[in-house]
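These notes concern the structure reproduced below.
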Amino acid sequence: MTDPIRVIIANDAELIIEGLKGLLAPYADRIEIVASATGDPEVEREAAISADADIMLIDAFGRTGAGIDAVTRVLSQEPQFAVVVFTEADDLRHLFSALRAGVRGYLLKSIPTSELVTTLERIASGEVVIDPGLATEAAVMAARTTSRQRWVGAHLGLSRREAEVLRCVAHGRSVDEAAAELGVGRETIRTHLQQIYRKLGVNDRAGAVAKAWREGLTE
């Protein structure tokens, strides 16, 4: 008999963790919950001490993409287990951010429990698994990016001009300086910035600049 897959469940709400444990309980012969963690510090601490786990299932992404920082910090420790995102966020930006961080799975919460169990087994055996619908969208976007959208930031949905504006502000240009450099008006730059904030899922210029540097959009 094959040993069950050893899983750490991480979420910022204990109620969610207990609910997921309940869903997986009927599959105890295939999935063993070896630990749980709530909140970023506890997730990182659990990652440091759980050498015997096969998978950390991080159920911490809302539709805002919250949780990628925790995922990145966990993976920076080079854990022996695979990190899998379990999320409601069907946004390609979140998927790409997670994949760049090094996750081995990106699964949507709409997945049936039996399929979740099978998928975790596949990941534990070495596969990288992405929700099929998102994988198809990602492939289409990658093809478009390769053929037509060659500018940095296209994969996040930024237009070529928005990418240029973001690069300017990331290098410290003021609105007036960016307008002069790009040959457009101040209000045009402000409009582009509002679109950039929306597409990057941030609230202000500081958040956009931080994301630009993290995503390598500054060159």
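Following the order of the structure tokens, chains are lettered A, B, ..., residues in each are numbered from 1, and ligands are numbered from 1.
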ask   = Any idea what's packed within 12 Å of Gln195 of chain A, counting only C-alpha atoms, ignoring anything in its chain fewer than 3 positions away? Could you give it as a list of chain:residue names?
value = A:Leu156, A:Gly157, A:Leu158, A:Ser159, A:Arg161, A:Glu162, A:Ala163, A:Val165, A:Leu166, A:Thr188, A:Ile189, A:Arg190, A:Thr191, A:His192, A:Arg198, A:Lys199, A:Leu200, A:Gly201, A:Val202, A:Asn203, A:Asp204, A:Arg205, A:Ala208
*Leaving out Ala10 of chain A and any residue of its chain fewer than 2 positions from it, which residues lie within 8 Å of it when counting only C-alpha atoms, given as a ChimeraX atom specification?*
/A:8,12,17,36-39,43,56-60
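Nearest to Thr119 of chain A of all the residues A:Ala70, A:Ala210, A:Ile55, A:Ala179 is A:Ile55, counting only C-alpha atoms.
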Atom CA of Glu42 of chain A to atom CA of Val71 of chain A measures 12.3 Å
Please list as JSON, numbers by chain every residue within 9 Å of Val117 of chain A, counting only C-alpha atoms and excluding residues in the same chain fewer than 5 positions away. {"A": [24, 27, 30, 31, 112, 122]}
